[in-house]
file my_file_5.pdb (PDB, C-alpha atoms)
MODEL        1
ATOM      1  CA  MET B 375      10.349   7.558 -14.521
ATOM      2  CA  LEU B 376      11.404   4.611 -12.408
ATOM      3  CA  GLN B 377      12.274   5.428  -8.806
ATOM      4  CA  TYR B 378      12.017   2.121  -6.942
ATOM      5  CA  LEU B 379      12.969  -1.507  -7.413
ATOM      6  CA  ILE B 380      11.013  -3.944  -5.268
ATOM      7  CA  ILE B 381      12.918  -7.183  -4.640
ATOM      8  CA  LEU B 382      10.984 -10.194  -3.379
ATOM      9  CA  LEU B 383      13.467 -12.218  -1.363
ATOM     10  CA  ASP B 384      11.353 -15.367  -1.409
ATOM     11  CA  ASP B 385       8.198 -16.797  -2.975
ATOM     12  CA  THR B 386       6.625 -16.579   0.479
ATOM     13  CA  SER B 387       7.529 -12.896   0.964
ATOM     14  CA  THR B 388       4.743 -11.040   2.722
ATOM     15  CA  SER B 389       2.117  -9.174   0.743
ATOM     16  CA  TYR B 390       1.824  -5.510   1.641
ATOM     17  CA  CYS B 391      -0.931  -4.580  -0.805
ATOM     18  CA  HIS B 392      -4.313  -5.833  -2.083
ATOM     19  CA  TYR B 393      -3.126  -9.217  -3.375
ATOM     20  CA  ASN B 394      -2.898 -12.315  -1.205
ATOM     21  CA  ASN B 395       0.213 -14.462  -1.258
ATOM     22  CA  ASP B 396      -0.837 -18.014  -0.507
ATOM     23  CA  LYS B 397       2.459 -19.593  -1.528
ATOM     24  CA  THR B 398       3.849 -21.845   1.201
ATOM     25  CA  GLU B 399       6.861 -23.415  -0.538
ATOM     26  CA  LYS B 400      10.028 -21.454   0.180
ATOM     27  CA  ARG B 401      12.073 -20.317  -2.827
ATOM     28  CA  LEU B 402      14.795 -17.913  -1.766
ATOM     29  CA  ILE B 403      16.231 -15.656  -4.457
ATOM     30  CA  SER B 404      19.714 -16.826  -5.434
ATOM     31  CA  LEU B 405      22.607 -14.783  -4.121
ATOM     32  CA  GLU B 406      23.634 -14.209  -7.736
ATOM     33  CA  ASN B 407      20.240 -12.718  -8.629
ATOM     34  CA  LEU B 408      20.202 -10.658  -5.441
ATOM     35  CA  LYS B 409      23.565  -9.107  -6.276
ATOM     36  CA  ALA B 410      22.542  -8.568  -9.899
ATOM     37  CA  GLY B 411      19.341  -6.860  -8.757
ATOM     38  CA  ILE B 412      21.300  -4.539  -6.499
ATOM     39  CA  LEU B 413      23.683  -3.723  -9.365
ATOM     40  CA  PHE B 414      20.724  -3.016 -11.668
ATOM     41  CA  ALA B 415      19.266  -0.622  -9.086
ATOM     42  CA  MET B 416      22.598   1.140  -8.664
ATOM     43  CA  LYS B 417      22.992   1.643 -12.419
ATOM     44  CA  GLN B 418      19.428   2.970 -12.708
ATOM     45  CA  ASN B 419      19.733   5.077  -9.544
ATOM     46  CA  LEU B 420      16.752   3.293  -7.960
ATOM     47  CA  THR B 421      15.840   2.944  -4.300
ATOM     48  CA  ILE B 422      15.412  -0.710  -3.315
ATOM     49  CA  GLN B 423      12.580  -2.065  -1.212
ATOM     50  CA  PHE B 424      13.337  -5.587   0.021
ATOM     51  CA  VAL B 425      10.241  -7.664   0.823
ATOM     52  CA  TYR B 426      10.937 -10.382   3.402
ATOM     53  CA  PRO B 427       9.408 -13.766   4.197
ATOM     54  CA  SER B 428       8.535 -14.714   7.767
ATOM     55  CA  TYR B 429      11.670 -16.799   8.271
ATOM     56  CA  GLU B 430      15.227 -15.644   8.945
ATOM     57  CA  ILE B 431      17.313 -15.287   5.780
ATOM     58  CA  PRO B 432      20.980 -16.435   5.669
ATOM     59  CA  GLU B 433      23.675 -14.151   7.057
ATOM     60  CA  GLU B 434      25.370 -13.777   3.663
ATOM     61  CA  TYR B 435      22.117 -12.362   2.267
ATOM     62  CA  LYS B 436      21.893  -9.881   5.116
ATOM     63  CA  GLN B 437      25.427  -8.673   4.466
ATOM     64  CA  THR B 438      24.699  -8.280   0.743
ATOM     65  CA  ILE B 439      21.542  -6.287   1.427
ATOM     66  CA  GLU B 440      23.473  -3.895   3.647
ATOM     67  CA  THR B 441      25.766  -2.930   0.758
ATOM     68  CA  ILE B 442      23.139  -0.485  -0.557
ATOM     69  CA  ASP B 443      20.615   1.969   0.874
ATOM     70  CA  HIS B 444      17.230   0.324   1.092
ATOM     71  CA  VAL B 445      13.896  -0.140   2.837
ATOM     72  CA  LYS B 446      12.991  -3.407   4.565
ATOM     73  CA  ILE B 447       9.357  -4.551   4.363
ATOM     74  CA  MET B 448       8.746  -7.363   6.854
ATOM     75  CA  PRO B 449       5.827  -9.268   8.376
ATOM     76  CA  ILE B 450       5.110  -8.907  12.084
ATOM     77  CA  CYS B 451       6.688 -11.544  14.328
ATOM     78  CA  ARG B 452       4.901 -14.870  14.131
ATOM     79  CA  ASP B 453       5.914 -15.631  17.724
ATOM     80  CA  ALA B 454       8.385 -14.456  20.351
ATOM     81  CA  MET B 455      10.911 -17.134  19.388
ATOM     82  CA  HIS B 456      10.977 -16.301  15.679
ATOM     83  CA  CYS B 457      10.890 -12.527  15.453
ATOM     84  CA  VAL B 458      12.096 -11.274  12.070
ATOM     85  CA  SER B 459      10.661  -7.786  12.277
ATOM     86  CA  THR B 460      13.066  -5.951  14.597
ATOM     87  CA  ALA B 461      15.032  -4.487  11.669
ATOM     88  CA  ALA B 462      11.942  -3.583   9.617
ATOM     89  CA  ASP B 463      11.322  -0.125   8.219
ATOM     90  CA  VAL B 464       7.810  -1.123   7.165
ATOM     91  CA  LEU B 465       6.000  -3.676   9.299
ATOM     92  CA  VAL B 466       3.108  -5.657   7.816
ATOM     93  CA  PHE B 467       0.174  -6.935   9.892
ATOM     94  CA  ASN B 468      -1.842  -9.458   7.907
ATOM     95  CA  SER B 469      -4.945  -9.258  10.081
ATOM     96  CA  CYS B 470      -6.649  -7.065  12.645
ATOM     97  CA  GLU B 471      -5.914  -9.793  15.186
ATOM     98  CA  GLU B 472      -2.174  -9.181  14.752
ATOM     99  CA  PHE B 473      -2.613  -5.422  15.153
ATOM    100  CA  THR B 474      -2.596  -5.434  18.948
ATOM    101  CA  GLU B 475      -1.513  -2.707  21.313
ATOM    102  CA  GLU B 476       1.351  -4.924  22.500
ATOM    103  CA  ASN B 477       2.681  -5.574  18.966
ATOM    104  CA  VAL B 478       2.440  -1.916  18.059
ATOM    105  CA  GLU B 479       4.149  -0.790  21.256
ATOM    106  CA  ILE B 480       7.084  -3.176  20.639
ATOM    107  CA  SER B 481       7.492  -1.784  17.116
ATOM    108  CA  LYS B 482       6.916   1.871  17.979
ATOM    109  CA  GLY B 483       8.160   4.364  15.386
ATOM    110  CA  LYS B 484       7.919   2.108  12.346
ATOM    111  CA  ILE B 485       5.605   2.455   9.366
ATOM    112  CA  PHE B 486       2.716   0.015   9.728
ATOM    113  CA  VAL B 487       0.715  -1.719   7.016
ATOM    114  CA  LEU B 488      -2.515  -3.372   8.138
ATOM    115  CA  ARG B 489      -4.006  -5.791   5.590
ATOM    116  CA  THR B 490      -7.565  -6.773   6.392
ATOM    117  CA  SER B 491     -10.805  -7.895   4.832
ATOM    118  CA  LYS B 492     -13.654  -5.392   4.719
ATOM    119  CA  GLN B 493     -15.705  -7.406   7.191
ATOM    120  CA  LYS B 494     -13.036  -7.594   9.853
ATOM    121  CA  LEU B 495     -12.307  -3.911   9.462
ATOM    122  CA  LEU B 496     -15.948  -2.854   9.615
ATOM    123  CA  ASN B 497     -16.580  -5.006  12.684
ATOM    124  CA  GLN B 498     -14.007  -3.219  14.801
ATOM    125  CA  ASN B 499     -12.809   0.306  15.288
ATOM    126  CA  TYR B 500     -11.180  -0.065  18.668
ATOM    127  CA  PHE B 501      -7.602  -0.560  17.575
ATOM    128  CA  LEU B 502      -6.773   3.057  16.766
ATOM    129  CA  LYS B 503      -8.268   4.227  20.066
ATOM    130  CA  ASN B 504      -5.739   2.056  21.852
ATOM    131  CA  VAL B 505      -2.642   2.785  19.779
ATOM    132  CA  ASP B 506      -3.121   6.219  18.188
ATOM    133  CA  GLY B 507      -0.526   7.752  20.492
ATOM    134  CA  ILE B 508       2.249   5.461  19.266
ATOM    135  CA  ILE B 509       1.421   5.322  15.557
ATOM    136  CA  THR B 510       3.640   7.358  13.272
ATOM    137  CA  ARG B 511       2.281   6.081   9.983
ATOM    138  CA  LEU B 512      -0.451   3.508   9.257
ATOM    139  CA  ASN B 513      -1.516   2.253   5.832
ATOM    140  CA  ILE B 514      -4.760   0.280   5.909
ATOM    141  CA  ILE B 515      -5.195  -2.023   2.910
ATOM    142  CA  ILE B 516      -8.588  -3.617   2.315
ATOM    143  CA  THR B 517      -7.908  -6.907   0.557
ATOM    144  CA  ASP B 518     -11.343  -7.478  -0.974
ATOM    145  CA  ILE B 519     -12.465  -4.063  -2.230
ATOM    146  CA  GLU B 520     -13.872  -5.656  -5.386
ATOM    147  CA  SER B 521     -16.563  -7.418  -3.308
ATOM    148  CA  PHE B 522     -18.060  -4.252  -1.769
ATOM    149  CA  THR B 523     -21.855  -3.986  -2.016
ATOM    150  CA  GLU B 524     -24.132  -0.973  -1.540
ATOM    151  CA  ASN B 525     -24.656  -2.047   2.074
ATOM    152  CA  ASP B 526     -20.885  -2.281   2.530
ATOM    153  CA  PHE B 527     -20.467   1.251   1.184
ATOM    154  CA  GLU B 528     -22.895   2.569   3.779
ATOM    155  CA  ALA B 529     -21.183   0.620   6.554
ATOM    156  CA  TYR B 530     -17.772   1.863   5.415
ATOM    157  CA  LYS B 531     -19.041   5.442   5.410
ATOM    158  CA  GLN B 532     -20.104   5.020   9.030
ATOM    159  CA  TRP B 533     -16.804   3.360   9.950
ATOM    160  CA  LEU B 534     -14.871   6.241   8.411
ATOM    161  CA  SER B 535     -16.975   8.708  10.397
ATOM    162  CA  GLU B 536     -16.035   6.984  13.662
ATOM    163  CA  PHE B 537     -12.422   6.696  12.552
ATOM    164  CA  THR B 538     -12.381  10.424  11.748
ATOM    165  CA  SER B 539     -13.456  11.183  15.314
ATOM    166  CA  ASN B 540     -10.599   9.041  16.660
ATOM    167  CA  ILE B 541      -7.999  10.863  14.568
ATOM    168  CA  ASN B 542      -9.443  14.261  15.450
ATOM    169  CA  MET B 543      -9.199  13.426  19.167
ATOM    170  CA  ALA B 544      -5.608  12.265  18.675
ATOM    171  CA  TYR B 545      -4.700  15.635  17.135
ATOM    172  CA  LEU B 546      -6.444  17.476  19.982
ATOM    173  CA  ASP B 547      -4.240  15.482  22.366
ATOM    174  CA  GLY B 548      -1.147  16.668  20.536
ATOM    175  CA  LYS B 549      -0.583  13.400  18.670
ATOM    176  CA  ILE B 550      -0.282  13.561  14.891
ATOM    177  CA  PRO B 551      -0.862  10.101  13.372
ATOM    178  CA  GLN B 552      -0.779   9.661   9.603
ATOM    179  CA  VAL B 553      -3.355   7.231   8.252
ATOM    180  CA  ASN B 554      -3.541   6.744   4.493
ATOM    181  CA  LEU B 555      -7.344   6.549   4.320
ATOM    182  CA  LEU B 556      -7.879  10.006   5.802
ATOM    183  CA  THR B 557      -4.820  12.161   6.370
ATOM    184  CA  ASP B 558      -3.173  11.506   2.983
ATOM    185  CA  ARG B 559      -5.893  13.364   1.089
ATOM    186  CA  ILE B 560      -5.357  16.367   3.363
ATOM    187  CA  LEU B 561      -1.608  16.419   2.745
ATOM    188  CA  LEU B 562      -1.596  15.701  -1.006
ATOM    189  CA  ASP B 563      -2.133  18.215  -3.788
ATOM    190  CA  LYS B 564      -2.071  15.743  -6.678
ATOM    191  CA  MET B 565      -2.615  12.058  -7.414
ATOM    192  CA  ASN B 566      -0.330   9.696  -5.485
ATOM    193  CA  ASN B 567      -1.195   6.229  -6.771
ATOM    194  CA  CYS B 568       0.724   2.952  -6.622
ATOM    195  CA  ASN B 569       2.629   3.775  -9.873
ATOM    196  CA  ALA B 570       3.510   0.152 -10.589
ATOM    197  CA  GLY B 571       4.990  -0.144 -14.072
ATOM    198  CA  ILE B 572       5.961   3.535 -14.094
ATOM    199  CA  GLY B 573       7.490   4.523 -10.756
ATOM    200  CA  ASN B 574       8.411   1.013  -9.621
ATOM    201  CA  VAL B 575       8.879  -2.533 -10.866
ATOM    202  CA  THR B 576       9.466  -5.821  -9.080
ATOM    203  CA  LEU B 577      12.293  -8.357  -9.247
ATOM    204  CA  ALA B 578      11.109 -11.841  -8.286
ATOM    205  CA  PRO B 579      13.193 -14.748  -6.901
ATOM    206  CA  ASN B 580      13.361 -16.269 -10.411
ATOM    207  CA  GLY B 581      15.430 -13.335 -11.667
ATOM    208  CA  LYS B 582      12.632 -11.858 -13.771
ATOM    209  CA  PHE B 583      10.916  -8.482 -13.628
ATOM    210  CA  TYR B 584       7.180  -7.938 -13.072
ATOM    211  CA  VAL B 585       4.918  -4.900 -12.979
ATOM    212  CA  CYS B 586       4.344  -5.550  -9.255
ATOM    213  CA  PRO B 587       4.508  -8.496  -6.828
ATOM    214  CA  ALA B 588       0.857  -9.359  -7.486
ATOM    215  CA  PHE B 589       1.548 -10.020 -11.181
ATOM    216  CA  TYR B 590       4.268 -12.498 -10.200
ATOM    217  CA  ILE B 591       2.187 -14.239  -7.539
ATOM    218  CA  GLU B 592      -0.719 -14.589  -9.974
ATOM    219  CA  ASP B 593       1.228 -15.728 -13.034
ATOM    220  CA  GLU B 594       5.015 -16.252 -13.247
ATOM    221  CA  GLU B 595       4.807 -16.035 -17.046
ATOM    222  CA  ASP B 596       3.477 -12.463 -16.882
ATOM    223  CA  THR B 597       6.985 -11.015 -16.969
ATOM    224  CA  ILE B 598       8.321  -7.673 -18.235
ATOM    225  CA  GLY B 599      11.955  -8.687 -18.687
ATOM    226  CA  ASP B 600      14.814 -10.197 -16.739
ATOM    227  CA  LEU B 601      18.215  -9.348 -15.293
ATOM    228  CA  LYS B 602      20.056 -10.391 -18.464
ATOM    229  CA  GLU B 603      17.922  -8.687 -21.123
ATOM    230  CA  GLY B 604      16.623  -5.774 -19.048
ATOM    231  CA  LEU B 605      13.118  -4.304 -18.833
ATOM    232  CA  TYR B 606      10.475  -4.425 -21.526
ATOM    233  CA  ILE B 607       7.057  -3.099 -20.525
ATOM    234  CA  LYS B 608       4.591  -3.535 -23.366
ATOM    235  CA  ASN B 609       2.335  -0.493 -23.895
ATOM    236  CA  GLN B 610       3.915   1.218 -20.890
ATOM    237  CA  GLN B 611       1.966   4.416 -21.597
ATOM    238  CA  LEU B 612      -1.198   2.670 -20.424
ATOM    239  CA  TYR B 613       0.160   2.671 -16.861
ATOM    240  CA  LYS B 614       0.540   6.456 -16.912
ATOM    241  CA  LEU B 615      -2.014   8.735 -15.302
ATOM    242  CA  GLU B 616      -2.198  11.019 -18.334
ATOM    243  CA  TYR B 617      -3.593   8.094 -20.351
ATOM    244  CA  ALA B 618      -6.482   7.683 -17.903
ATOM    245  CA  PRO B 619      -8.772  10.583 -18.914
ATOM    246  CA  ILE B 620     -11.099  10.395 -15.910
ATOM    247  CA  CYS B 621      -8.554   9.452 -13.237
ATOM    248  CA  ARG B 622      -6.236  12.285 -14.217
ATOM    249  CA  LYS B 623      -8.991  14.769 -13.339
ATOM    250  CA  CYS B 624     -10.046  12.978 -10.161
ATOM    251  CA  GLU B 625      -9.508  14.600  -6.752
ATOM    252  CA  ALA B 626      -9.384  11.424  -4.678
ATOM    253  CA  TYR B 627      -5.626  11.860  -4.556
ATOM    254  CA  GLN B 628      -5.133   9.145  -1.917
ATOM    255  CA  CYS B 629      -6.630   6.401  -4.136
ATOM    256  CA  LYS B 630      -4.084   3.631  -4.734
ATOM    257  CA  ARG B 631      -5.487   3.066  -8.228
ATOM    258  CA  CYS B 632      -3.965  -0.405  -8.009
ATOM    259  CA  VAL B 633      -3.084  -1.544 -11.543
ATOM    260  CA  TRP B 634      -3.346  -5.226 -10.602
ATOM    261  CA  LEU B 635      -6.788  -4.716  -9.078
ATOM    262  CA  ASN B 636      -7.769  -2.605 -12.089
ATOM    263  CA  ARG B 637      -6.865  -5.389 -14.495
ATOM    264  CA  LYS B 638      -8.536  -7.990 -12.321
ATOM    265  CA  THR B 639     -11.851  -6.111 -12.197
ATOM    266  CA  THR B 640     -12.027  -4.131 -15.460
ATOM    267  CA  LEU B 641      -9.412  -5.875 -17.655
ATOM    268  CA  GLU B 642      -7.672  -2.491 -18.073
ATOM    269  CA  VAL B 643      -4.630  -1.516 -15.972
ATOM    270  CA  ASN B 644      -5.578   2.183 -15.999
ATOM    271  CA  THR B 645      -9.310   1.832 -15.268
ATOM    272  CA  PRO B 646     -10.457   1.299 -11.648
ATOM    273  CA  SER B 647     -13.589  -0.625 -10.781
ATOM    274  CA  HIS B 648     -16.787   0.982  -9.501
ATOM    275  CA  GLU B 649     -16.003  -0.407  -6.049
ATOM    276  CA  GLN B 650     -12.488   1.058  -5.951
ATOM    277  CA  CYS B 651     -13.803   4.478  -7.059
ATOM    278  CA  VAL B 652     -16.618   4.617  -4.509
ATOM    279  CA  VAL B 653     -14.378   3.499  -1.634
ATOM    280  CA  ALA B 654     -11.809   6.165  -2.580
ATOM    281  CA  HIS B 655     -14.442   8.907  -2.722
ATOM    282  CA  LEU B 656     -15.953   7.895   0.601
ATOM    283  CA  GLU B 657     -12.464   8.310   2.058
ATOM    284  CA  ARG B 658     -12.094  11.653   0.299
ATOM    285  CA  ASN B 659     -15.371  12.915   1.762
ATOM    286  CA  ALA B 660     -14.403  11.735   5.245
ATOM    287  CA  SER B 661     -11.076  13.553   4.819
ATOM    288  CA  GLU B 662     -13.029  16.734   4.063
ATOM    289  CA  VAL B 663     -14.919  16.370   7.339
ATOM    290  CA  LEU B 664     -11.689  15.669   9.237
ATOM    291  CA  LEU B 665      -9.957  18.657   7.643
ATOM    292  CA  ASN B 666     -12.752  21.015   8.681
ATOM    293  CA  GLU B 667     -12.549  19.715  12.256
ATOM    294  CA  LEU B 668      -8.761  20.009  12.380
ATOM    295  CA  LYS B 669      -8.883  23.566  11.031
ATOM    296  CA  GLN B 670     -10.873  24.565  14.098
ATOM    297  CA  ALA B 671      -7.981  23.274  16.199
ATOM    298  CA  GLY B 672      -5.454  25.281  14.188
ATOM    299  CA  TYR B 673      -4.178  22.558  11.861
ATOM    300  CA  PHE B 674      -3.917  22.714   8.046
ATOM    301  CA  SER B 675      -5.282  26.241   7.712
ATOM    302  CA  ASP B 676      -3.930  26.469   4.143
ATOM    303  CA  LYS B 677      -5.579  23.243   2.921
ATOM    304  CA  GLU B 678      -8.929  22.898   1.199
ATOM    305  CA  ILE B 679     -11.082  19.951   0.081
ATOM    306  CA  SER B 680     -14.189  20.996  -1.806
ATOM    307  CA  ALA B 681     -17.542  19.242  -1.515
ATOM    308  CA  ILE B 682     -18.630  16.898  -4.329
ATOM    309  CA  ASP B 683     -21.993  15.384  -5.222
ATOM    310  CA  TYR B 684     -20.854  12.022  -6.620
ATOM    311  CA  LEU B 685     -19.022   8.892  -5.497
ATOM    312  CA  ASP B 686     -18.114   7.377  -8.865
ATOM    313  CA  PRO B 687     -16.873   9.807 -11.540
ATOM    314  CA  PHE B 688     -17.515   7.165 -14.218
ATOM    315  CA  GLU B 689     -21.208   7.193 -13.345
ATOM    316  CA  THR B 690     -21.206  10.990 -13.526
ATOM    317  CA  ILE B 691     -19.710  10.903 -17.027
ATOM    318  CA  LYS B 692     -22.253   8.252 -18.073
ATOM    319  CA  ASN B 693     -25.137  10.384 -16.851
TER     320      ASN B 693
ENDMDL
END
call {"tool": "encode", "arguments": {"input": "my_file_5.pdb", "output": "C-alpha cells"}}
result
Amino acid sequence: MLQYLIILLDDTSTSYCHYNNDKTEKRLISLENLKAGILFAMKQNLTIQFVYPSYEIPEEYKQTIETIDHVKIMPICRDAMHCVSTAADVLVFNSCEEFTEENVEISKGKIFVLRTSKQKLLNQNYFLKNVDGIITRLNIIITDIESFTENDFEAYKQWLSEFTSNINMAYLDGKIPQVNLLTDRILLDKMNNCNAGIGNVTLAPNGKFYVCPAFYIEDEEDTIGDLKEGLYIKNQQLYKLEYAPICRKCEAYQCKRCVWLNRKTTLEVNTPSHEQCVVAHLERNASEVLLNELKQAGYFSDKEISAIDYLDPFETIKN
C-alpha cells in the first residue's frame, strides 16, 4: 500500500540514494504540477517528501509546499552565501569531504544522509569519532556497491568492525546515535527495504510518475503514469517482498534491497546482486557483534541476532 509520494522539485534535485544525478540544467516543476501533486497526495492520504535542488526555489513554491504536511530533503549548503539547508528535515551530504564536524554541528538534530563511494568510505573512519555526540540519525549510502570485489568485502568487514567500536563507545558515553548500517538491524524485527513501487512512488518535474527518482534520472520514458491519468505500475507484484522467495526469508532486515540497483545488476527488480547481498550480510554480522557488546552495557536486552555461516543466501541455495 502506498504511503509516500516523493516529489522532485527540479531536474537537479539532490540524490539521496544509490543513483547519481549528474543533471546540471535546471528544470523546476511547474506550479500547476506541484499543486496537482499535492492534491493527488491528499486524495490518496500520502505523506509527501519534497526533494530540493541546491538553489533557492521561488517564494510562491515555498508557500505552496507549506499547505501540506511534508518532509524536506535538501543538500548541504554549497557555501555560506547560498545556504538552502536550514529548513531541511533530511540533510544530504554528497561526499565524505562535506561531512565535516562544522557542517554537522550547524545542522545538529537533523537526519543526515551521507552518500559516498566505497573507496572514500573505506579510507576514513574518523568522521563518526568527531561527530557521534551530535548525530541523531545517519544513513550511509554507498554509491557503487555493484563494483565491490572480494578484497573490498574484506576491507568493508574491517571498516565495520572499527565503526562498531565507535558506536559502542558512543553508547557507553550516554549518546545513542542511529546509523542505518549497524543499529537498524538491532531495532528491526522484519524487512525494511526501500519499497519503491509499493510503499512510495515519485513525481518528477515533467508531471509524470516513476517507480523512484533513479528511474526518472536514468530514462524519462520509464514512466508509471501521470497526474492526468493516474498510476499504472506494470507487474506491480514483482516489487513486493512476498514475490522474492529468498529475500522474504532473509534476516538482513536493514538491506535497502534497492529495486533500481536490482534491475541494473540482475535485470530483475526483486533480485539483489551478489554484491548487495554480501554487503548487507556483513552489516548484519557486525550488528550482531555490536548488539552483544551493547547488551553488556544494559542496552537491548530483549533483542537477538543469531549467528549465520553464509554471506550470500543465493549461493547457499545454489550449493
call {"tool": "residues_around", "arguments": {"input": "my_file_5.pdb", "residues": "B:Val466", "least_positions_apart": "5", "cutoff": "7 Å", "atoms": "only C-alpha atoms", "output": "ChimeraX atom specification"}}
result
/B:390,448-450,486-488
call {"tool": "atom_distance", "arguments": {"input": "my_file_5.pdb", "atom1": "atom CA of B:Ile550", "atom2": "atom CA of B:Val663"}}
result
16.7 Å
call {"tool": "resolve_selection", "arguments": {"input": "my_file_5.pdb", "expression": "the PyMOL selection byres ((chain B and resi 424) around 7)", "output": "tab-separated table (two decimals) with C-alpha atoms, in the coordinates of the input"}}
result
chain	number	residue	atom	x	y	z
B	380	ILE	CA	11.01	-3.94	-5.27
B	381	ILE	CA	12.92	-7.18	-4.64
B	382	LEU	CA	10.98	-10.19	-3.38
B	383	LEU	CA	13.47	-12.22	-1.36
B	422	ILE	CA	15.41	-0.71	-3.32
B	423	GLN	CA	12.58	-2.06	-1.21
B	425	VAL	CA	10.24	-7.66	0.82
B	426	TYR	CA	10.94	-10.38	3.40
B	445	VAL	CA	13.90	-0.14	2.84
B	446	LYS	CA	12.99	-3.41	4.57
B	447	ILE	CA	9.36	-4.55	4.36
call {"tool": "resolve_selection", "arguments": {"input": "my_file_5.pdb", "expression": "the PyMOL selection byres ((chain B and resi 613) around 12)", "output": "PyMOL selection string"}}
result
chain B and resi 375+567-575+585-586+607-612+614-618+621-622+631-634+636-637+642-646
call {"tool": "residues_around", "arguments": {"input": "my_file_5.pdb", "residues": "stretch 554-557 of chain B", "least_positions_apart": "3", "cutoff": "8 Å", "atoms": "all atoms listed in the file", "output": "list of chain:residue names"}}
result
B:Leu512, B:Asn513, B:Ile514, B:Thr538, B:Ile560, B:Leu561, B:Gln628, B:Glu657, B:Arg658, B:Ala660, B:Ser661, B:Leu664
call {"tool": "atom_distance", "arguments": {"input": "my_file_5.pdb", "atom1": "atom CA of B:Asn395", "atom2": "atom CA of B:Ser491"}}
result
14.2 Å
call {"tool": "resolve_selection", "arguments": {"input": "my_file_5.pdb", "expression": "the PyMOL selection byres ((chain B and resi 583) around 12)", "output": "PyMOL selection string"}}
result
chain B and resi 379-382+407+411+414+570-571+574-582+584-590+594-607
call {"tool": "closest_residue", "arguments": {"input": "my_file_5.pdb", "among": "B:Asp463, B:Asn540, B:Ile591, B:Ile480", "to": "B:Thr398", "atoms": "all atoms listed in the file"}}
result
B:Ile591
call {"tool": "closest_atom_pairs", "arguments": {"input": "my_file_5.pdb", "of": "stretch 465-514 of chain B", "to": "stretch 428-437 of chain B", "cutoff": "12 Å", "atoms": "all atoms listed in the file", "output": "JSON lines"}}
result
{"residue": "B:Leu465", "atom": "CA", "partner": "B:Ser428", "partner_atom": "CA", "distance": 11.4}
{"residue": "B:Val466", "atom": "CA", "partner": "B:Ser428", "partner_atom": "CA", "distance": 10.6}
{"residue": "B:Phe467", "atom": "CA", "partner": "B:Ser428", "partner_atom": "CA", "distance": 11.6}
{"residue": "B:Asn468", "atom": "CA", "partner": "B:Ser428", "partner_atom": "CA", "distance": 11.6}
call {"tool": "residues_around", "arguments": {"input": "my_file_5.pdb", "residues": "B:Ser469", "least_positions_apart": "3", "cutoff": "9 Å", "atoms": "all atoms listed in the file", "output": "PyMOL selection string"}}
result
chain B and resi 472-473+488-491+494
call {"tool": "write_last_selection", "arguments": {"input": "my_file_5.pdb", "atoms": "C-alpha atoms", "output": "mmCIF file, in the coordinates of the input"}}
result
data_model
loop_
_atom_site.group_PDB
_atom_site.id
_atom_site.type_symbol
_atom_site.label_atom_id
_atom_site.label_comp_id
_atom_site.auth_asym_id
_atom_site.auth_seq_id
_atom_site.Cartn_x
_atom_site.Cartn_y
_atom_site.Cartn_z
ATOM 1 C CA GLU B 472 -2.174 -9.181 14.752
ATOM 2 C CA PHE B 473 -2.613 -5.422 15.153
ATOM 3 C CA LEU B 488 -2.515 -3.372 8.138
ATOM 4 C CA ARG B 489 -4.006 -5.791 5.590
ATOM 5 C CA THR B 490 -7.565 -6.773 6.392
ATOM 6 C CA SER B 491 -10.805 -7.895 4.832
ATOM 7 C CA LYS B 494 -13.036 -7.594 9.853
#
call {"tool": "atom_distance", "arguments": {"input": "my_file_5.pdb", "atom1": "atom CA of B:Ala461", "atom2": "atom CA of B:Thr386"}}
result
18.5 Å
call {"tool": "closest_residue", "arguments": {"input": "my_file_5.pdb", "among": "B:Lys409, B:His392, B:Lys492, B:Lys417", "to": "B:Lys630", "atoms": "only C-alpha atoms"}}
result
B:His392
call {"tool": "closest_residue", "arguments": {"input": "my_file_5.pdb", "among": "B:Ala671, B:Val653, B:Leu376, B:Val478", "to": "B:Glu524", "atoms": "only C-alpha atoms"}}
result
B:Val653
call {"tool": "residues_around", "arguments": {"input": "my_file_5.pdb", "residues": "B:Asn542", "least_positions_apart": "5", "cutoff": "12 Å", "atoms": "only C-alpha atoms", "output": "VMD selection string"}}
result
chain B and resid 502 to 503 506 534 to 537 547 to 553 556 to 557 660 to 661 663 to 673
call {"tool": "write_last_selection", "arguments": {"input": "my_file_5.pdb", "atoms": "C-alpha atoms", "output": "compact mmCIF listing (two decimals), keeping the file's coordinate frame"}}
result
# COMPACT_ATOMS: atom_id res chain seq x y z
CA LEU B 502 -6.77 3.06 16.77
CA LYS B 503 -8.27 4.23 20.07
CA ASP B 506 -3.12 6.22 18.19
CA LEU B 534 -14.87 6.24 8.41
CA SER B 535 -16.98 8.71 10.40
CA GLU B 536 -16.04 6.98 13.66
CA PHE B 537 -12.42 6.70 12.55
CA ASP B 547 -4.24 15.48 22.37
CA GLY B 548 -1.15 16.67 20.54
CA LYS B 549 -0.58 13.40 18.67
CA ILE B 550 -0.28 13.56 14.89
CA PRO B 551 -0.86 10.10 13.37
CA GLN B 552 -0.78 9.66 9.60
CA VAL B 553 -3.36 7.23 8.25
CA LEU B 556 -7.88 10.01 5.80
CA THR B 557 -4.82 12.16 6.37
CA ALA B 660 -14.40 11.74 5.24
CA SER B 661 -11.08 13.55 4.82
CA VAL B 663 -14.92 16.37 7.34
CA LEU B 664 -11.69 15.67 9.24
CA LEU B 665 -9.96 18.66 7.64
CA ASN B 666 -12.75 21.02 8.68
CA GLU B 667 -12.55 19.72 12.26
CA LEU B 668 -8.76 20.01 12.38
CA LYS B 669 -8.88 23.57 11.03
CA GLN B 670 -10.87 24.56 14.10
CA ALA B 671 -7.98 23.27 16.20
CA GLY B 672 -5.45 25.28 14.19
CA TYR B 673 -4.18 22.56 11.86
call {"tool": "closest_residue", "arguments": {"input": "my_file_5.pdb", "among": "B:Ile515, B:Lys397, B:Cys470, B:Gln377", "to": "B:Asn497", "atoms": "only C-alpha atoms"}}
result
B:Cys470
call {"tool": "axis_aligned_box", "arguments": {"input": "my_file_5.pdb", "around": "stretch 597-614 of chain B", "padding_each_side": "8 Å", "output": "lines of an AutoDock Vina configuration file"}}
result
center_x = 9.4
center_y = -2.3
center_z = -19.6
size_x = 37.3
size_y = 33.5
size_z = 24.6
call {"tool": "closest_residue", "arguments": {"input": "my_file_5.pdb", "among": "B:Leu402, B:Ile509, B:Ile679, B:Leu496", "to": "B:Glu528", "atoms": "all atoms listed in the file"}}
result
B:Leu496
